[in-house]
file final09.txt (compact mmCIF, C-alpha atoms)
# COMPACT_ATOMS: atom_id res chain seq x y z
CA MET A 175 0.00 0.00 0.00
CA LYS A 176 1.28 3.43 -0.94
CA TYR A 177 0.86 6.38 1.45
CA ASN A 178 0.50 10.03 0.48
CA PRO A 179 0.76 13.28 2.42
CA LEU A 180 -2.54 14.89 3.38
CA GLY A 181 -1.84 18.39 2.15
CA ARG A 182 0.71 20.15 4.35
CA THR A 183 -0.59 18.64 7.59
CA GLY A 184 2.17 16.09 8.14
CA ILE A 185 -0.48 13.36 8.18
CA SER A 186 0.12 10.36 5.91
CA VAL A 187 -2.84 8.46 4.41
CA SER A 188 -3.17 5.28 2.39
CA GLU A 189 -3.94 5.87 -1.29
CA ILE A 190 -6.98 3.64 -0.83
CA CYS A 191 -9.48 5.16 1.60
CA LEU A 192 -12.30 3.04 2.99
CA GLY A 193 -15.66 4.62 2.26
CA THR A 194 -18.54 3.85 4.60
CA MET A 195 -21.78 5.28 3.22
CA THR A 196 -23.62 1.93 2.99
CA TRP A 197 -22.99 0.88 6.59
CA GLY A 198 -26.19 0.87 8.56
CA SER A 199 -28.47 0.34 5.57
CA GLN A 200 -27.03 -2.08 3.00
CA ASN A 201 -24.40 -3.34 5.45
CA SER A 202 -24.88 -4.57 9.01
CA GLU A 203 -22.63 -3.81 11.97
CA ALA A 204 -20.89 -7.19 11.60
CA GLU A 205 -20.27 -6.56 7.90
CA ALA A 206 -18.94 -3.07 8.58
CA HIS A 207 -16.55 -4.46 11.19
CA GLU A 208 -15.41 -7.17 8.78
CA GLN A 209 -14.67 -4.55 6.11
CA MET A 210 -12.65 -2.43 8.53
CA ASP A 211 -10.70 -5.45 9.77
CA PHE A 212 -9.83 -6.55 6.24
CA ALA A 213 -8.93 -3.06 5.03
CA VAL A 214 -6.57 -2.50 7.94
CA SER A 215 -4.95 -5.90 7.31
CA LYS A 216 -4.16 -4.70 3.78
CA GLY A 217 -2.54 -1.47 4.91
CA VAL A 218 -5.50 0.91 4.69
CA ASN A 219 -5.22 3.53 7.45
CA PHE A 220 -7.80 6.04 6.14
CA PHE A 221 -11.59 5.86 6.76
CA ASP A 222 -14.07 8.41 5.42
CA THR A 223 -17.54 8.94 6.82
CA ALA A 224 -20.09 11.73 7.41
CA GLU A 225 -22.87 12.62 9.80
CA LEU A 226 -25.25 12.17 6.82
CA TYR A 227 -24.44 8.48 6.28
CA PRO A 228 -25.75 5.96 5.34
CA VAL A 229 -27.16 7.11 2.00
CA THR A 230 -28.55 3.87 0.53
CA PRO A 231 -31.12 5.27 0.91
CA LEU A 232 -30.91 8.56 2.75
CA SER A 233 -33.28 8.51 5.69
CA PRO A 234 -33.82 10.43 8.92
CA ASP A 235 -34.27 7.04 10.58
CA THR A 236 -30.69 5.93 9.81
CA TYR A 237 -28.99 9.35 10.02
CA GLY A 238 -25.74 9.00 11.98
CA ASP A 239 -25.78 5.20 12.04
CA THR A 240 -22.58 4.82 10.00
CA GLU A 241 -20.61 6.82 12.54
CA ARG A 242 -22.08 4.67 15.31
CA LEU A 243 -20.83 1.50 13.62
CA ILE A 244 -17.35 2.95 13.26
CA GLY A 245 -17.47 3.92 16.91
CA SER A 246 -18.41 0.39 17.94
CA TRP A 247 -15.45 -0.94 15.92
CA PHE A 248 -13.06 1.44 17.67
CA LYS A 249 -14.46 0.32 21.01
CA ALA A 250 -14.07 -3.36 20.11
CA ARG A 251 -10.65 -3.14 18.44
CA GLY A 252 -8.91 -0.28 20.24
CA LYS A 253 -7.34 0.96 17.02
CA ARG A 254 -8.36 4.62 17.09
CA ASP A 255 -4.80 5.97 16.95
CA ASP A 256 -3.96 3.71 13.99
CA ILE A 257 -6.65 5.25 11.78
CA VAL A 258 -6.83 8.59 10.01
CA LEU A 259 -10.52 9.29 10.43
CA ALA A 260 -12.37 11.76 8.23
CA SER A 261 -15.94 12.93 8.75
CA LYS A 262 -18.12 15.73 7.41
CA VAL A 263 -20.66 18.27 8.56
CA ALA A 264 -23.73 18.45 6.33
CA GLY A 265 -24.48 21.59 4.38
CA PRO A 266 -27.96 23.08 3.86
CA GLY A 267 -30.96 21.36 2.37
CA ARG A 268 -31.74 18.28 4.48
CA PRO A 269 -34.80 19.18 6.61
CA TYR A 270 -34.08 16.47 9.19
CA ILE A 271 -30.55 17.80 9.78
CA ARG A 272 -30.82 20.99 11.84
CA GLY A 273 -33.89 22.05 9.86
CA GLY A 274 -31.97 22.13 6.58
CA SER A 275 -30.27 25.37 7.55
CA PRO A 276 -26.88 26.55 6.21
CA MET A 277 -23.75 25.79 8.21
CA THR A 278 -23.00 28.24 11.01
CA PRO A 279 -20.41 28.11 13.79
CA ALA A 280 -23.09 27.02 16.24
CA SER A 281 -24.53 24.30 14.01
CA MET A 282 -21.05 23.05 13.11
CA ALA A 283 -20.13 22.79 16.78
CA GLN A 284 -23.34 20.88 17.44
CA ALA A 285 -22.66 18.56 14.50
CA LEU A 286 -19.05 17.91 15.47
CA ASP A 287 -19.87 17.09 19.08
CA ALA A 288 -22.62 14.72 17.96
CA SER A 289 -20.27 13.01 15.51
CA LEU A 290 -17.57 12.61 18.17
CA LYS A 291 -20.10 11.02 20.50
CA ARG A 292 -21.29 8.57 17.85
CA LEU A 293 -17.71 7.75 16.84
CA GLY A 294 -16.64 7.25 20.44
CA THR A 295 -13.60 9.49 20.07
CA ASP A 296 -12.53 12.93 21.20
CA TYR A 297 -11.12 14.01 17.83
CA VAL A 298 -11.38 13.50 14.08
CA ASP A 299 -8.29 13.74 11.94
CA LEU A 300 -9.97 15.47 8.99
CA TYR A 301 -13.20 17.44 9.32
CA GLN A 302 -14.80 18.41 6.02
CA LEU A 303 -17.59 20.72 4.88
CA HIS A 304 -19.77 18.24 2.99
CA TRP A 305 -21.03 20.82 0.49
CA PRO A 306 -20.93 24.62 0.40
CA ASN A 307 -23.56 26.95 1.78
CA ARG A 308 -23.54 28.86 -1.51
CA GLY A 309 -24.29 25.92 -3.84
CA HIS A 310 -22.03 24.08 -6.28
CA TYR A 311 -21.95 22.31 -9.62
CA HIS A 312 -21.54 18.74 -8.34
CA PHE A 313 -24.19 15.99 -8.10
CA ARG A 314 -25.14 16.65 -11.76
CA GLN A 315 -25.79 20.35 -11.05
CA ALA A 316 -23.22 21.45 -13.64
CA TRP A 317 -26.10 21.84 -16.08
CA THR A 318 -27.97 24.31 -13.88
CA TYR A 319 -25.47 25.90 -11.48
CA GLU A 320 -25.56 29.69 -11.74
CA PRO A 321 -22.81 31.41 -9.71
CA SER A 322 -23.65 34.82 -11.19
CA LYS A 323 -26.56 34.97 -8.74
CA GLN A 324 -24.22 34.90 -5.73
CA ASP A 325 -23.37 37.96 -3.63
CA THR A 326 -19.57 37.87 -3.58
CA ALA A 327 -19.12 39.85 -0.38
CA LYS A 328 -21.61 37.69 1.52
CA VAL A 329 -19.99 34.48 0.27
CA LEU A 330 -16.54 35.66 1.33
CA ASP A 331 -17.82 36.70 4.74
CA ASP A 332 -19.45 33.28 5.14
CA LEU A 333 -16.24 31.46 4.19
CA ALA A 334 -14.31 33.47 6.77
CA VAL A 335 -16.88 32.68 9.48
CA LEU A 336 -16.78 28.95 8.69
CA LEU A 337 -12.98 28.88 8.69
CA GLU A 338 -12.91 30.68 12.02
CA ALA A 339 -15.20 27.99 13.43
CA LEU A 340 -12.91 25.26 12.08
CA ASP A 341 -9.96 27.07 13.61
CA GLY A 342 -11.69 26.89 16.97
CA PHE A 343 -12.18 23.14 16.60
CA VAL A 344 -8.49 22.67 15.80
CA LYS A 345 -7.42 24.79 18.78
CA ALA A 346 -9.76 22.80 21.02
CA GLY A 347 -8.09 19.56 19.92
CA LYS A 348 -11.28 18.16 18.38
CA VAL A 349 -9.99 18.34 14.80
CA ARG A 350 -6.48 17.86 13.39
CA ALA A 351 -7.01 19.08 9.81
CA VAL A 352 -9.79 20.59 7.72
CA GLY A 353 -11.05 19.93 4.22
CA VAL A 354 -13.89 20.61 1.82
CA SER A 355 -16.11 18.48 -0.38
CA ASN A 356 -18.12 19.26 -3.51
CA ASP A 357 -16.36 22.59 -3.85
CA THR A 358 -14.86 24.65 -6.67
CA THR A 359 -11.53 26.16 -7.63
CA TRP A 360 -12.66 29.65 -6.69
CA GLY A 361 -14.07 28.52 -3.38
CA VAL A 362 -10.98 26.62 -2.31
CA GLY A 363 -8.68 29.37 -3.53
CA LYS A 364 -10.52 31.97 -1.48
CA MET A 365 -10.50 29.75 1.60
CA LEU A 366 -6.74 29.33 1.26
CA ALA A 367 -6.28 33.09 0.96
CA ILE A 368 -8.49 33.80 3.99
CA ALA A 369 -6.70 31.17 6.04
CA GLU A 370 -3.31 32.65 5.20
CA THR A 371 -4.42 36.19 6.03
CA LYS A 372 -6.13 35.35 9.30
CA GLY A 373 -3.97 32.46 10.51
CA PHE A 374 -6.73 29.87 10.19
CA PRO A 375 -6.03 26.23 9.22
CA ARG A 376 -5.60 25.83 5.47
CA VAL A 377 -7.70 23.44 3.44
CA ALA A 378 -5.82 20.14 3.29
CA SER A 379 -7.94 18.25 0.78
CA ILE A 380 -10.87 18.39 -1.61
CA GLN A 381 -13.32 15.49 -1.68
CA ASN A 382 -15.01 15.68 -5.07
CA GLU A 383 -16.35 13.12 -7.49
CA TYR A 384 -13.77 11.78 -9.92
CA ASN A 385 -13.94 8.81 -12.26
CA LEU A 386 -13.56 7.88 -15.92
CA LEU A 387 -16.96 9.42 -16.66
CA TYR A 388 -16.61 12.62 -14.62
CA ARG A 389 -13.26 14.36 -14.79
CA ALA A 390 -13.94 18.02 -14.02
CA PHE A 391 -11.00 17.95 -11.59
CA ASP A 392 -8.56 17.58 -14.51
CA LEU A 393 -8.91 21.30 -15.29
CA ASP A 394 -8.56 24.27 -12.91
CA LEU A 395 -8.72 22.20 -9.73
CA ALA A 396 -5.76 20.11 -10.89
CA GLU A 397 -3.70 23.28 -11.22
CA LEU A 398 -4.75 24.52 -7.78
CA SER A 399 -4.05 21.11 -6.29
CA HIS A 400 -0.51 21.04 -7.67
CA HIS A 401 0.50 24.55 -6.63
CA GLU A 402 -1.25 24.60 -3.26
CA ASP A 403 -0.73 20.98 -2.10
CA VAL A 404 -4.45 20.40 -1.77
CA GLY A 405 -5.00 16.84 -2.98
CA LEU A 406 -8.11 15.12 -4.21
CA LEU A 407 -10.01 12.51 -2.23
CA SER A 408 -12.08 11.05 -5.04
CA TYR A 409 -15.53 9.78 -4.22
CA SER A 410 -17.60 7.61 -6.59
CA PRO A 411 -14.47 6.40 -8.45
CA LEU A 412 -16.68 3.70 -10.01
CA ALA A 413 -19.46 6.21 -10.80
CA ALA A 414 -21.80 4.54 -8.29
CA GLY A 415 -21.18 1.15 -9.90
CA LEU A 416 -21.52 2.12 -13.57
CA LEU A 417 -17.83 1.34 -14.07
CA THR A 418 -18.28 -2.27 -13.06
CA GLY A 419 -20.40 -2.81 -16.17
CA LYS A 420 -23.23 -4.38 -14.17
CA TYR A 421 -25.82 -1.88 -15.44
CA LEU A 422 -25.03 -2.26 -19.15
CA GLY A 423 -28.03 -3.07 -21.28
CA GLY A 424 -30.43 -1.55 -18.79
CA ILE A 425 -29.93 -4.32 -16.24
CA ILE A 426 -30.65 -3.37 -12.61
CA PRO A 427 -29.30 -6.21 -10.42
CA ALA A 428 -31.31 -7.01 -7.31
CA GLY A 429 -29.82 -5.39 -4.23
CA SER A 430 -27.68 -3.00 -6.27
CA ARG A 431 -27.51 0.68 -5.51
CA ALA A 432 -29.66 1.48 -8.56
CA SER A 433 -32.37 -0.79 -7.17
CA ILE A 434 -32.39 1.42 -4.07
CA ASN A 435 -31.43 4.89 -5.28
CA GLY A 436 -33.03 4.93 -8.71
CA ASP A 437 -30.93 6.82 -11.25
CA LEU A 438 -27.72 6.73 -9.17
CA GLY A 439 -27.81 10.41 -8.40
CA GLY A 440 -28.44 11.34 -12.03
CA ARG A 441 -25.63 9.14 -13.37
CA LEU A 442 -27.77 6.36 -14.82
CA THR A 443 -28.77 8.00 -18.08
CA PRO A 444 -28.58 6.84 -21.72
CA HIS A 445 -25.56 9.13 -22.25
CA GLN A 446 -23.29 7.04 -20.05
CA GLU A 447 -23.79 3.66 -21.69
CA PRO A 448 -21.64 4.13 -24.85
CA ALA A 449 -18.76 5.45 -22.75
CA VAL A 450 -19.03 2.66 -20.17
CA ARG A 451 -19.13 0.07 -22.93
CA ALA A 452 -16.04 1.58 -24.60
CA TYR A 453 -14.08 1.58 -21.34
CA LYS A 454 -15.16 -1.99 -20.59
CA GLU A 455 -13.92 -3.07 -24.01
CA ILE A 456 -10.46 -1.74 -23.09
CA ALA A 457 -10.45 -3.80 -19.90
CA ASP A 458 -11.65 -6.89 -21.75
CA ARG A 459 -9.02 -6.53 -24.49
CA HIS A 460 -6.23 -6.36 -21.93
CA GLY A 461 -7.57 -9.03 -19.59
CA LEU A 462 -8.23 -6.57 -16.77
CA ASP A 463 -10.99 -6.48 -14.21
CA PHE A 464 -13.07 -3.50 -15.32
CA ALA A 465 -13.58 -2.05 -11.84
CA GLN A 466 -9.90 -2.43 -10.98
CA MET A 467 -8.89 -0.71 -14.20
CA ALA A 468 -11.18 2.22 -13.41
CA LEU A 469 -9.78 2.55 -9.89
CA ALA A 470 -6.17 2.09 -11.01
CA PHE A 471 -6.66 4.89 -13.53
CA CYS A 472 -7.70 7.24 -10.74
CA LEU A 473 -4.56 6.28 -8.82
CA THR A 474 -2.39 7.42 -11.74
CA ARG A 475 -3.54 11.02 -11.46
CA PRO A 476 -0.84 13.33 -10.03
CA PHE A 477 -3.33 15.22 -7.84
CA MET A 478 -4.75 12.10 -6.19
CA THR A 479 -4.26 11.84 -2.43
CA ALA A 480 -6.65 8.92 -1.99
CA VAL A 481 -9.34 7.03 -3.86
CA ILE A 482 -12.38 6.35 -1.68
CA ILE A 483 -13.78 2.89 -2.31
CA GLY A 484 -17.07 1.59 -0.99
CA ALA A 485 -18.33 -1.97 -0.96
CA THR A 486 -21.41 -3.90 0.03
CA SER A 487 -19.65 -7.27 -0.14
CA MET A 488 -16.22 -8.56 0.80
CA ALA A 489 -15.63 -9.59 -2.82
CA GLN A 490 -16.14 -5.98 -3.91
CA LEU A 491 -13.87 -4.74 -1.15
CA LYS A 492 -11.07 -7.13 -2.13
CA THR A 493 -11.37 -6.06 -5.75
CA GLY A 494 -11.22 -2.39 -4.78
CA ILE A 495 -8.22 -2.67 -2.50
CA GLY A 496 -6.50 -4.88 -5.06
CA ALA A 497 -6.50 -1.98 -7.53
CA ALA A 498 -3.58 -0.53 -5.57
CA ASP A 499 -1.44 -3.38 -6.94
CA LEU A 500 -2.45 -2.87 -10.58
CA THR A 501 -0.16 -0.88 -12.88
CA LEU A 502 -1.78 0.20 -16.14
CA SER A 503 0.35 0.00 -19.26
CA LYS A 504 1.00 2.96 -21.53
CA GLU A 505 -1.18 1.26 -24.12
CA VAL A 506 -4.13 1.01 -21.75
CA LEU A 507 -3.72 4.64 -20.66
CA SER A 508 -3.55 5.73 -24.30
CA GLU A 509 -6.76 3.88 -25.10
CA ILE A 510 -8.47 5.40 -22.05
CA ALA A 511 -7.42 8.86 -23.24
CA ALA A 512 -8.90 8.19 -26.68
CA VAL A 513 -12.25 7.16 -25.21
CA HIS A 514 -12.26 10.24 -22.98
CA ARG A 515 -11.87 12.44 -26.06
CA ARG A 516 -14.94 10.79 -27.56
CA PHE A 517 -17.03 10.98 -24.37
CA PRO A 518 -15.67 13.86 -22.26
CA MET A 519 -18.69 14.32 -19.97
CA PRO A 520 -21.26 11.52 -20.31
CA ILE A 521 -22.73 12.02 -16.81

call {"tool": "encode", "arguments": {"input": "final09.txt", "output": "structure tokens"}}
result
Amino acid sequence: MKYNPLGRTGISVSEICLGTMTWGSQNSEAEAHEQMDFAVSKGVNFFDTAELYPVTPLSPDTYGDTERLIGSWFKARGKRDDIVLASKVAGPGRPYIRGGSPMTPASMAQALDASLKRLGTDYVDLYQLHWPNRGHYHFRQAWTYEPSKQDTAKVLDDLAVLLEALDGFVKAGKVRAVGVSNDTTWGVGKMLAIAETKGFPRVASIQNEYNLLYRAFDLDLAELSHHEDVGLLSYSPLAAGLLTGKYLGGIIPAGSRASINGDLGGRLTPHQEPAVRAYKEIADRHGLDFAQMALAFCLTRPFMTAVIIGATSMAQLKTGIGAADLTLSKEVLSEIAAVHRRFPMPI
């Protein structure tokens, strides 16, 4: 297992991060514990969760359950100091989470304390803003996002207030490093500038979607990542399962995420199928497992700090972690690049 620096924090994380968003809905406590045990045995030291989880499906009845299962594993195994633990505070829009209100210092403090209690720990290593107060272009919102409606001064004031709150958490010893998720180049750049001016903790990482079908990070964010040492934690590296090929031909396997969450967050559209089929043909030609090829591609990207894999079965987990041992040939990478030119944004 390879380990990468988490920004400029001095923290080192495995390039495979264990995602947890199905624990408590699709996965039981015993299954979650089995996944954590296996991942750690393979050198994974990085877990990612959120107060919002599980999400298969999202429900006020299961809100927070994933963190509780991680907490029970820490209690049973005593491995808290061996794990770099990341969690997230939810942004606005979920009525059952603090009335759906935007993040404020008070609501963030409430969220963090509740997460720490569920996790059974007195600190998280990386605390992330799950999505911005101002809106963003992720989750298929690139087609409708309209930043020209934003009040620049108000957004900047809000970013400063949120960073000051995060600074307080760091000083209190409840958080070691801070990050963002579903954010933009401008947003992260401004947060870095505010942090430098005011002495607040700088953003260490960006958790955004990245996979063969969705590569917005290759552009301006890649440049920011390189110059500012703010690496990507890629979520949905298999595009919610599309890049396993199991949905080709309109098939919806029983128990799959699409059988629970419908259109896979807007990903399961007719536009994706030709691209998925073309990528699968590359894997088939070269005798590669399709999912492993997709994950191994993500690991080749120079801005990648960690690829977040999720699994509902041990077989899936073993395949995902095994991608760390797969080196893609120049020929495979060239063929992937050619398909990307044909289908630059199919989801």

call {"tool": "closest_residue", "arguments": {"input": "final09.txt", "among": "A:Val258, A:Ala390, A:Ile510, A:Met365", "to": "Leu180 of chain A", "atoms": "all atoms listed in the file"}}
result
A:Val258

call {"tool": "closest_residue", "arguments": {"input": "final09.txt", "among": "A:Thr278, A:Leu438, A:Arg515, A:Leu469", "to": "Leu500 of chain A", "atoms": "only C-alpha atoms"}}
result
A:Leu469

call {"tool": "closest_residue", "arguments": {"input": "final09.txt", "among": "A:Pro269, A:Pro476, A:Pro411, A:Gly184", "to": "Gln381 of chain A", "atoms": "all atoms listed in the file"}}
result
A:Pro411

call {"tool": "atom_distance", "arguments": {"input": "final09.txt", "atom1": "atom CA of Ser408 of chain A", "atom2": "atom CA of Ile483 of chain A"}}
result
8.8 Å

call {"tool": "closest_residue", "arguments": {"input": "final09.txt", "among": "A:His460, A:Arg272, A:Lys348, A:Arg251", "to": "Val298 of chain A", "atoms": "all atoms listed in the file"}}
result
A:Lys348
